[in-house]
$ cat run-v2.tsv   # TSV, C-alpha atoms
chain	number	residue	atom	x	y	z
U	1	MET	CA	84.95	-18.40	-64.75
U	2	HIS	CA	83.59	-21.67	-63.41
U	3	ASP	CA	84.72	-23.23	-60.16
U	4	ASN	CA	85.32	-26.91	-60.90
U	5	THR	CA	86.26	-27.76	-57.33
U	6	PRO	CA	84.19	-30.80	-56.27
U	7	PRO	CA	81.94	-30.26	-53.25
U	8	ALA	CA	83.30	-31.38	-49.91
U	9	PRO	CA	82.17	-34.86	-48.88
U	10	SER	CA	79.58	-34.90	-46.13
U	11	ILE	CA	78.78	-37.06	-43.11
U	12	LEU	CA	75.69	-37.29	-40.93
U	13	LEU	CA	77.23	-38.36	-37.63
U	14	VAL	CA	74.67	-39.47	-35.07
U	15	GLY	CA	75.85	-39.34	-31.47
U	16	ALA	CA	78.65	-36.79	-31.70
U	17	SER	CA	78.27	-34.73	-28.54
U	18	ARG	CA	81.28	-36.19	-26.70
U	19	GLY	CA	83.86	-38.96	-26.62
U	20	LEU	CA	84.38	-40.96	-29.81
U	21	GLY	CA	81.63	-39.21	-31.74
U	22	HIS	CA	82.89	-35.72	-30.98
U	23	ALA	CA	86.47	-36.71	-31.80
U	24	MET	CA	85.31	-38.22	-35.10
U	25	ALA	CA	83.44	-35.02	-35.96
U	26	GLY	CA	86.60	-33.01	-35.34
U	27	GLU	CA	88.74	-35.33	-37.47
U	28	PHE	CA	86.31	-35.33	-40.40
U	29	ALA	CA	86.07	-31.52	-40.25
U	30	HIS	CA	89.87	-31.30	-40.12
U	31	ARG	CA	90.00	-33.40	-43.29
U	32	GLY	CA	87.71	-30.96	-45.11
U	33	TRP	CA	84.40	-32.82	-44.73
U	34	THR	CA	81.09	-31.14	-44.01
U	35	VAL	CA	79.82	-32.60	-40.74
U	36	LEU	CA	76.24	-32.62	-39.50
U	37	GLY	CA	76.49	-34.06	-36.01
U	38	THR	CA	73.71	-34.83	-33.58
U	39	ALA	CA	73.51	-34.42	-29.82
U	40	ARG	CA	70.76	-35.29	-27.39
U	41	SER	CA	70.75	-31.79	-25.89
U	42	ALA	CA	70.13	-28.53	-27.74
U	43	GLY	CA	73.31	-26.85	-26.50
U	44	GLY	CA	76.29	-26.87	-24.20
U	45	THR	CA	78.12	-29.90	-25.60
U	46	ALA	CA	81.62	-30.26	-27.03
U	47	LEU	CA	79.96	-30.70	-30.44
U	48	HIS	CA	78.26	-27.32	-30.15
U	49	GLU	CA	81.63	-25.77	-29.29
U	50	LEU	CA	83.17	-27.47	-32.34
U	51	ALA	CA	80.38	-26.05	-34.52
U	52	HIS	CA	81.06	-22.60	-33.06
U	53	GLN	CA	84.73	-22.94	-33.99
U	54	HIS	CA	83.99	-24.25	-37.50
U	55	PRO	CA	80.63	-22.75	-38.57
U	56	ASP	CA	81.39	-23.45	-42.23
U	57	ARG	CA	82.08	-27.14	-41.67
U	58	VAL	CA	80.12	-28.35	-38.62
U	59	LEU	CA	76.38	-28.15	-38.01
U	60	VAL	CA	74.39	-29.58	-35.10
U	61	GLU	CA	70.97	-31.21	-34.92
U	62	THR	CA	69.20	-32.53	-31.81
U	63	LEU	CA	68.46	-36.25	-31.69
U	64	ASP	CA	68.00	-39.02	-29.14
U	65	VAL	CA	68.09	-42.37	-30.95
U	66	THR	CA	65.85	-43.95	-28.31
U	67	HIS	CA	62.92	-41.74	-29.45
U	68	ALA	CA	61.34	-42.73	-32.77
U	69	ASP	CA	59.52	-39.40	-33.10
U	70	GLN	CA	62.83	-37.52	-32.96
U	71	ILE	CA	64.35	-39.73	-35.66
U	72	ALA	CA	61.29	-39.21	-37.88
U	73	ALA	CA	61.40	-35.44	-37.30
U	74	LEU	CA	65.08	-35.30	-38.23
U	75	ARG	CA	64.37	-37.31	-41.36
U	76	GLN	CA	61.76	-34.76	-42.37
U	77	ARG	CA	64.06	-31.80	-41.64
U	78	LEU	CA	66.84	-33.31	-43.75
U	79	ASP	CA	64.59	-34.55	-46.53
U	80	ARG	CA	66.35	-32.54	-49.25
U	81	ARG	CA	69.88	-33.25	-48.00
U	82	ARG	CA	72.09	-36.12	-49.14
U	83	PHE	CA	75.18	-37.40	-47.36
U	84	ASP	CA	78.15	-39.47	-48.45
U	85	VAL	CA	78.23	-41.18	-45.06
U	86	LEU	CA	75.70	-41.89	-42.33
U	87	PHE	CA	77.41	-43.15	-39.20
U	88	VAL	CA	75.61	-43.94	-35.95
U	89	ASN	CA	77.68	-43.79	-32.78
U	90	ALA	CA	75.58	-44.75	-29.77
U	91	GLY	CA	76.33	-46.93	-26.80
U	92	ILE	CA	76.02	-47.32	-23.06
U	93	THR	CA	77.08	-49.99	-20.64
U	94	HIS	CA	75.50	-51.46	-17.52
U	95	ALA	CA	76.33	-49.97	-14.12
U	96	ALA	CA	77.47	-53.43	-13.00
U	97	PRO	CA	79.24	-54.55	-16.19
U	98	ASP	CA	80.00	-58.09	-15.05
U	99	ALA	CA	76.49	-58.85	-13.82
U	100	THR	CA	75.01	-62.11	-15.06
U	101	MET	CA	71.58	-62.28	-16.64
U	102	ALA	CA	70.26	-63.40	-13.26
U	103	GLU	CA	71.56	-60.16	-11.76
U	104	VAL	CA	70.43	-57.70	-14.43
U	105	ASP	CA	67.07	-56.09	-13.78
U	106	PRO	CA	64.62	-55.83	-16.71
U	107	GLU	CA	64.76	-52.03	-16.83
U	108	ALA	CA	68.55	-52.04	-17.22
U	109	PHE	CA	68.31	-54.75	-19.87
U	110	SER	CA	65.76	-52.74	-21.84
U	111	ARG	CA	67.77	-49.52	-21.54
U	112	VAL	CA	71.02	-51.07	-22.84
U	113	MET	CA	69.33	-52.98	-25.66
U	114	LEU	CA	67.29	-49.93	-26.70
U	115	THR	CA	70.34	-47.65	-26.80
U	116	ASN	CA	72.89	-50.07	-28.25
U	117	ALA	CA	70.84	-52.12	-30.71
U	118	PHE	CA	67.24	-51.04	-31.32
U	119	GLY	CA	67.84	-47.27	-31.40
U	120	PRO	CA	70.82	-47.36	-33.80
U	121	MET	CA	69.11	-49.77	-36.19
U	122	ARG	CA	65.87	-47.82	-36.19
U	123	THR	CA	67.97	-44.75	-37.01
U	124	ILE	CA	69.59	-46.57	-39.94
U	125	GLU	CA	66.20	-47.76	-41.20
U	126	LEU	CA	64.72	-44.25	-41.11
U	127	LEU	CA	67.72	-42.18	-42.23
U	128	GLY	CA	69.45	-44.59	-44.61
U	129	GLU	CA	67.82	-43.17	-47.71
U	130	LEU	CA	69.53	-39.84	-47.05
U	131	VAL	CA	72.79	-41.50	-48.12
U	132	THR	CA	73.95	-41.23	-51.73
U	133	GLU	CA	73.63	-44.34	-53.89
U	134	ARG	CA	77.31	-45.19	-53.50
U	135	GLY	CA	77.74	-43.84	-50.00
U	136	LEU	CA	78.35	-45.61	-46.70
U	137	ILE	CA	76.07	-46.51	-43.81
U	138	GLY	CA	77.89	-47.48	-40.64
U	139	ILE	CA	77.36	-48.15	-36.96
U	140	MET	CA	79.78	-48.23	-34.05
U	141	SER	CA	79.78	-51.84	-32.89
U	142	SER	CA	82.37	-53.49	-30.64
U	143	GLY	CA	84.75	-56.41	-30.71
U	144	GLN	CA	82.77	-57.61	-27.71
U	145	GLY	CA	79.86	-58.21	-30.08
U	146	SER	CA	81.80	-61.06	-31.67
U	147	VAL	CA	80.26	-64.40	-30.70
U	148	ALA	CA	83.27	-66.32	-32.01
U	149	ASN	CA	85.75	-64.30	-29.94
U	150	ASN	CA	83.84	-64.57	-26.66
U	151	THR	CA	85.98	-67.14	-24.89
U	152	LEU	CA	86.21	-65.45	-21.48
U	153	GLY	CA	82.64	-64.27	-20.80
U	154	GLY	CA	81.92	-61.18	-18.73
U	155	ARG	CA	80.12	-57.98	-19.73
U	156	ASP	CA	77.24	-60.20	-20.81
U	157	LEU	CA	74.63	-57.49	-21.33
U	158	TYR	CA	76.93	-55.19	-23.28
U	159	ARG	CA	78.21	-58.10	-25.39
U	160	GLY	CA	74.68	-59.27	-26.06
U	161	SER	CA	73.51	-55.82	-27.13
U	162	LYS	CA	76.34	-55.47	-29.64
U	163	ALA	CA	75.86	-59.02	-30.95
U	164	ALA	CA	72.18	-58.17	-31.46
U	165	LEU	CA	73.17	-54.99	-33.27
U	166	ASN	CA	75.43	-57.01	-35.57
U	167	MET	CA	72.62	-59.46	-36.35
U	168	PHE	CA	70.16	-56.65	-37.09
U	169	MET	CA	72.68	-55.05	-39.44
U	170	ARG	CA	73.19	-58.37	-41.24
U	171	SER	CA	69.44	-58.57	-41.77
U	172	TYR	CA	69.44	-55.01	-43.09
U	173	ALA	CA	72.27	-55.89	-45.47
U	174	ALA	CA	70.39	-58.96	-46.73
U	175	ARG	CA	67.31	-56.86	-47.46
U	176	HIS	CA	69.48	-54.34	-49.35
U	177	ALA	CA	71.68	-56.84	-51.16
U	178	ASP	CA	71.15	-55.08	-54.49
U	179	SER	CA	72.38	-51.74	-53.14
U	180	ALA	CA	75.74	-50.25	-54.15
U	181	ARG	CA	76.15	-48.70	-50.72
U	182	ALA	CA	78.90	-49.80	-48.35
U	183	LEU	CA	77.74	-51.06	-44.95
U	184	LEU	CA	80.05	-51.10	-41.93
U	185	LEU	CA	80.02	-52.44	-38.39
U	186	LEU	CA	83.09	-50.87	-36.77
U	187	ALA	CA	84.84	-52.28	-33.70
U	188	PRO	CA	87.05	-49.40	-32.55
U	189	GLY	CA	88.90	-51.19	-29.75
U	190	TRP	CA	89.22	-50.34	-26.06
U	191	ILE	CA	89.65	-46.57	-25.95
U	192	ARG	CA	89.97	-44.15	-23.04
U	193	THR	CA	86.57	-42.47	-23.11
U	194	GLU	CA	83.78	-42.11	-20.58
U	195	LEU	CA	82.44	-45.46	-21.83
U	196	GLY	CA	85.83	-47.16	-22.10
U	197	GLY	CA	87.05	-45.95	-18.73
U	198	PRO	CA	90.48	-44.83	-17.49
U	199	ASP	CA	92.11	-48.27	-17.79
U	200	ALA	CA	91.72	-48.45	-21.58
U	201	PRO	CA	95.10	-48.75	-23.30
U	202	PHE	CA	94.51	-46.29	-26.14
U	203	THR	CA	93.68	-42.58	-26.28
U	204	LEU	CA	91.36	-40.82	-28.71
U	205	GLU	CA	94.38	-39.10	-30.29
U	206	GLN	CA	95.94	-42.51	-31.01
U	207	THR	CA	92.83	-44.10	-32.46
U	208	ILE	CA	90.59	-41.56	-34.18
U	209	PRO	CA	92.72	-41.20	-37.35
U	210	ASP	CA	92.58	-45.00	-37.83
U	211	ILE	CA	88.80	-45.04	-37.25
U	212	VAL	CA	88.23	-42.31	-39.85
U	213	ASP	CA	90.67	-43.98	-42.28
U	214	CYS	CA	88.70	-47.22	-41.96
U	215	ILE	CA	85.38	-45.49	-42.74
U	216	VAL	CA	86.81	-43.60	-45.71
U	217	ALA	CA	88.46	-46.72	-47.18
U	218	LYS	CA	85.33	-48.81	-46.77
U	219	ARG	CA	83.34	-46.41	-48.97
U	220	ALA	CA	84.93	-48.06	-52.01
U	221	ARG	CA	83.65	-51.55	-51.10
U	222	PRO	CA	79.88	-52.15	-51.31
U	223	GLY	CA	78.26	-54.63	-48.96
U	224	LEU	CA	78.58	-55.31	-45.24
U	225	GLU	CA	81.82	-55.82	-43.35
U	226	TYR	CA	82.57	-56.11	-39.61
U	227	LEU	CA	85.96	-54.44	-39.18
U	228	ASP	CA	88.31	-53.20	-36.50
U	229	ARG	CA	89.77	-49.71	-36.75
U	230	HIS	CA	92.72	-51.03	-38.78
U	231	GLY	CA	90.37	-52.38	-41.43
U	232	GLN	CA	90.85	-56.02	-40.38
U	233	THR	CA	87.87	-58.39	-40.37
U	234	VAL	CA	86.38	-59.25	-36.97
U	235	PRO	CA	84.87	-62.77	-36.70
U	236	TRP	CA	81.11	-62.78	-36.35
$ encode --input "run-v2.tsv" --output "structure tokens"
Amino acid sequence: MHDNTPPAPSILLVGASRGLGHAMAGEFAHRGWTVLGTARSAGGTALHELAHQHPDRVLVETLDVTHADQIAALRQRLDRRRFDVLFVNAGITHAAPDATMAEVDPEAFSRVMLTNAFGPMRTIELLGELVTERGLIGIMSSGQGSVANNTLGGRDLYRGSKAALNMFMRSYAARHADSARALLLLAPGWIRTELGGPDAPFTLEQTIPDIVDCIVAKRARPGLEYLDRHGQTVPW
């Protein structure tokens, strides 16, 4: 007797050790997906605990997106695997978030841009071919990366890093215009995480189902979109 049950969809979720990424991993696993999540450390994270709880659904690989050699090594290890979704969740902010460019030191500038823009895009460039022909490639952006919506200023370095990320992803989309893959820049909103801080108005429990719904729905629409977690377009 043949089992005609289709295989579970799969996601390679980069940056899933804590916060938004870990919560996304849990939600996808809860929905029956196979999740391969990455963490910068080889053990001791919430993602590793999730994998221990769901060994049939959640696997863990070690990756720091700021190190090209680690991305290349992961690409080699996963060479025979294919995923329905590749989603990169990586982001840090500056210790003095409202510092102007005159007040940001070059090391801090480099660190934020490397983590928020260069690292995620390099990851997409190197791992994108692991995604099925009609799969989805996405990155966690931010509404603060919108140039059009920046009417108040503040958080200049963080905003700039996410705007750069958006531009890099638009270039990637232009170079892959003949691809049937869906491409997504996701602005999740201000959420109570370590990055978002305690004053954020929304909890992970309130927002993660919408974030996952947005990713799943976008799979049916090839090409690049910049969306909030409700699937609404964010102005560039």
$ residues_around --input "run-v2.tsv" --residues "segment 10-23 of chain U" --least-positions-apart "3" --cutoff "6 Å" --atoms "only C-alpha atoms" --output "PDB file with C-alpha atoms, keeping the file's coordinate frame"
ATOM      1  CA  GLY U  26      86.600 -33.010 -35.340  1.00  0.00           C
ATOM      2  CA  TRP U  33      84.400 -32.820 -44.730  1.00  0.00           C
ATOM      3  CA  THR U  34      81.090 -31.140 -44.010  1.00  0.00           C
ATOM      4  CA  VAL U  35      79.820 -32.600 -40.740  1.00  0.00           C
ATOM      5  CA  LEU U  36      76.240 -32.620 -39.500  1.00  0.00           C
ATOM      6  CA  GLY U  37      76.490 -34.060 -36.010  1.00  0.00           C
ATOM      7  CA  THR U  38      73.710 -34.830 -33.580  1.00  0.00           C
ATOM      8  CA  ALA U  39      73.510 -34.420 -29.820  1.00  0.00           C
ATOM      9  CA  THR U  45      78.120 -29.900 -25.600  1.00  0.00           C
ATOM     10  CA  ALA U  46      81.620 -30.260 -27.030  1.00  0.00           C
ATOM     11  CA  LEU U  47      79.960 -30.700 -30.440  1.00  0.00           C
ATOM     12  CA  PHE U  83      75.180 -37.400 -47.360  1.00  0.00           C
ATOM     13  CA  ASP U  84      78.150 -39.470 -48.450  1.00  0.00           C
ATOM     14  CA  VAL U  85      78.230 -41.180 -45.060  1.00  0.00           C
ATOM     15  CA  LEU U  86      75.700 -41.890 -42.330  1.00  0.00           C
ATOM     16  CA  PHE U  87      77.410 -43.150 -39.200  1.00  0.00           C
ATOM     17  CA  VAL U  88      75.610 -43.940 -35.950  1.00  0.00           C
ATOM     18  CA  ASN U  89      77.680 -43.790 -32.780  1.00  0.00           C
ATOM     19  CA  ALA U  90      75.580 -44.750 -29.770  1.00  0.00           C
ATOM     20  CA  THR U 193      86.570 -42.470 -23.110  1.00  0.00           C
TER      21      THR U 193
END
$ atom_distance --input "run-v2.tsv" --atom1 "atom CA of Ala29 of chain U" --atom2 "atom CA of Asp79 of chain U"
22.6 Å
$ residues_around --input "run-v2.tsv" --residues "Asn116 of chain U" --least-positions-apart "2" --cutoff "10 Å" --atoms "all atoms listed in the file" --output "PyMOL selection string"
chain U and resi 65-66+89-93+110-114+118-121+139-141+158+160-165
$ write_last_selection --input "run-v2.tsv" --atoms "C-alpha atoms" --output "compact mmCIF listing (two decimals), in the coordinates of the input"
# COMPACT_ATOMS: atom_id res chain seq x y z
CA VAL U 65 68.09 -42.37 -30.95
CA THR U 66 65.85 -43.95 -28.31
CA ASN U 89 77.68 -43.79 -32.78
CA ALA U 90 75.58 -44.75 -29.77
CA GLY U 91 76.33 -46.93 -26.80
CA ILE U 92 76.02 -47.32 -23.06
CA THR U 93 77.08 -49.99 -20.64
CA SER U 110 65.76 -52.74 -21.84
CA ARG U 111 67.77 -49.52 -21.54
CA VAL U 112 71.02 -51.07 -22.84
CA MET U 113 69.33 -52.98 -25.66
CA LEU U 114 67.29 -49.93 -26.70
CA PHE U 118 67.24 -51.04 -31.32
CA GLY U 119 67.84 -47.27 -31.40
CA PRO U 120 70.82 -47.36 -33.80
CA MET U 121 69.11 -49.77 -36.19
CA ILE U 139 77.36 -48.15 -36.96
CA MET U 140 79.78 -48.23 -34.05
CA SER U 141 79.78 -51.84 -32.89
CA TYR U 158 76.93 -55.19 -23.28
CA GLY U 160 74.68 -59.27 -26.06
CA SER U 161 73.51 -55.82 -27.13
CA LYS U 162 76.34 -55.47 -29.64
CA ALA U 163 75.86 -59.02 -30.95
CA ALA U 164 72.18 -58.17 -31.46
CA LEU U 165 73.17 -54.99 -33.27
$ atom_distance --input "run-v2.tsv" --atom1 "atom CA of Asp105 of chain U" --atom2 "atom CA of Phe168 of chain U"
23.5 Å
$ closest_residue --input "run-v2.tsv" --among "U:Glu133, U:Asp213, U:Asp156, U:Asp64" --to "Ala180 of chain U" --atoms "only C-alpha atoms"
U:Glu133
$ closest_residue --input "run-v2.tsv" --among "U:Ala102, U:Ala72, U:Met167, U:Leu78" --to "Arg122 of chain U" --atoms "all atoms listed in the file"
U:Ala72
$ atom_distance --input "run-v2.tsv" --atom1 "atom CA of Asp228 of chain U" --atom2 "atom CA of Ala68 of chain U"
29.2 Å
$ closest_residue --input "run-v2.tsv" --among "U:Ala117, U:Ala25, U:Ala73, U:Ala8" --to "Ile208 of chain U" --atoms "all atoms listed in the file"
U:Ala25
$ closest_residue --input "run-v2.tsv" --among "U:His48, U:Arg77, U:Lys218, U:His176" --to "His230 of chain U" --atoms "only C-alpha atoms"
U:Lys218
$ closest_residue --input "run-v2.tsv" --among "U:Leu127, U:Leu186, U:Ala95, U:Leu224" --to "Asp210 of chain U" --atoms "all atoms listed in the file"
U:Leu186
$ build_atoms --input "run-v2.tsv" --residues "segment 2-32 of chain U" --atoms "N, CA and C atoms" --output "compact mmCIF listing (two decimals), in the coordinates of the input"
# COMPACT_ATOMS: atom_id res chain seq x y z
N HIS U 2 84.29 -20.66 -64.19
CA HIS U 2 83.59 -21.67 -63.41
C HIS U 2 84.53 -22.29 -62.39
N ASP U 3 83.97 -22.55 -61.21
CA ASP U 3 84.72 -23.23 -60.16
C ASP U 3 84.46 -24.73 -60.28
N ASN U 4 85.47 -25.47 -60.70
CA ASN U 4 85.32 -26.91 -60.90
C ASN U 4 85.72 -27.73 -59.67
N THR U 5 85.90 -27.05 -58.55
CA THR U 5 86.26 -27.76 -57.33
C THR U 5 85.08 -28.63 -56.88
N PRO U 6 85.30 -29.94 -56.70
CA PRO U 6 84.19 -30.80 -56.27
C PRO U 6 83.73 -30.42 -54.88
N PRO U 7 82.43 -30.60 -54.59
CA PRO U 7 81.94 -30.26 -53.25
C PRO U 7 82.60 -31.14 -52.19
N ALA U 8 82.71 -30.61 -51.01
CA ALA U 8 83.30 -31.38 -49.91
C ALA U 8 82.41 -32.57 -49.60
N PRO U 9 83.00 -33.73 -49.30
CA PRO U 9 82.17 -34.86 -48.88
C PRO U 9 81.49 -34.54 -47.56
N SER U 10 80.38 -35.23 -47.31
CA SER U 10 79.58 -34.90 -46.13
C SER U 10 79.25 -36.14 -45.32
N ILE U 11 79.13 -35.97 -44.01
CA ILE U 11 78.78 -37.06 -43.11
C ILE U 11 77.69 -36.61 -42.15
N LEU U 12 76.69 -37.45 -41.98
CA LEU U 12 75.69 -37.29 -40.93
C LEU U 12 76.14 -38.21 -39.81
N LEU U 13 76.61 -37.62 -38.73
CA LEU U 13 77.23 -38.36 -37.63
C LEU U 13 76.32 -38.31 -36.42
N VAL U 14 75.64 -39.41 -36.15
CA VAL U 14 74.67 -39.47 -35.07
C VAL U 14 75.36 -39.89 -33.78
N GLY U 15 75.21 -39.06 -32.75
CA GLY U 15 75.85 -39.34 -31.47
C GLY U 15 77.24 -38.75 -31.41
N ALA U 16 77.34 -37.43 -31.57
CA ALA U 16 78.65 -36.79 -31.70
C ALA U 16 78.90 -35.74 -30.63
N SER U 17 78.17 -35.80 -29.54
CA SER U 17 78.27 -34.73 -28.54
C SER U 17 79.53 -34.80 -27.70
N ARG U 18 80.11 -36.03 -27.58
CA ARG U 18 81.28 -36.19 -26.70
C ARG U 18 82.02 -37.45 -27.12
N GLY U 19 83.14 -37.72 -26.44
CA GLY U 19 83.86 -38.96 -26.62
C GLY U 19 84.23 -39.26 -28.07
N LEU U 20 84.02 -40.52 -28.46
CA LEU U 20 84.38 -40.96 -29.81
C LEU U 20 83.68 -40.14 -30.89
N GLY U 21 82.39 -39.92 -30.72
CA GLY U 21 81.63 -39.21 -31.74
C GLY U 21 82.13 -37.80 -31.96
N HIS U 22 82.39 -37.09 -30.88
CA HIS U 22 82.89 -35.72 -30.98
C HIS U 22 84.27 -35.70 -31.63
N ALA U 23 85.13 -36.65 -31.23
CA ALA U 23 86.47 -36.71 -31.80
C ALA U 23 86.41 -37.04 -33.30
N MET U 24 85.48 -37.91 -33.68
CA MET U 24 85.31 -38.22 -35.10
C MET U 24 84.85 -36.99 -35.87
N ALA U 25 83.92 -36.24 -35.30
CA ALA U 25 83.44 -35.02 -35.96
C ALA U 25 84.60 -34.05 -36.21
N GLY U 26 85.45 -33.89 -35.20
CA GLY U 26 86.60 -33.01 -35.34
C GLY U 26 87.57 -33.48 -36.41
N GLU U 27 87.80 -34.79 -36.47
CA GLU U 27 88.74 -35.33 -37.47
C GLU U 27 88.18 -35.19 -38.88
N PHE U 28 86.90 -35.49 -39.07
CA PHE U 28 86.31 -35.33 -40.40
C PHE U 28 86.35 -33.86 -40.83
N ALA U 29 86.03 -32.95 -39.92
CA ALA U 29 86.07 -31.52 -40.25
C ALA U 29 87.50 -31.10 -40.60
N HIS U 30 88.47 -31.61 -39.86
CA HIS U 30 89.87 -31.30 -40.12
C HIS U 30 90.28 -31.77 -41.51
N ARG U 31 89.67 -32.85 -41.97
CA ARG U 31 90.00 -33.40 -43.29
C ARG U 31 89.19 -32.74 -44.42
N GLY U 32 88.43 -31.72 -44.09
CA GLY U 32 87.71 -30.96 -45.11
C GLY U 32 86.30 -31.42 -45.39
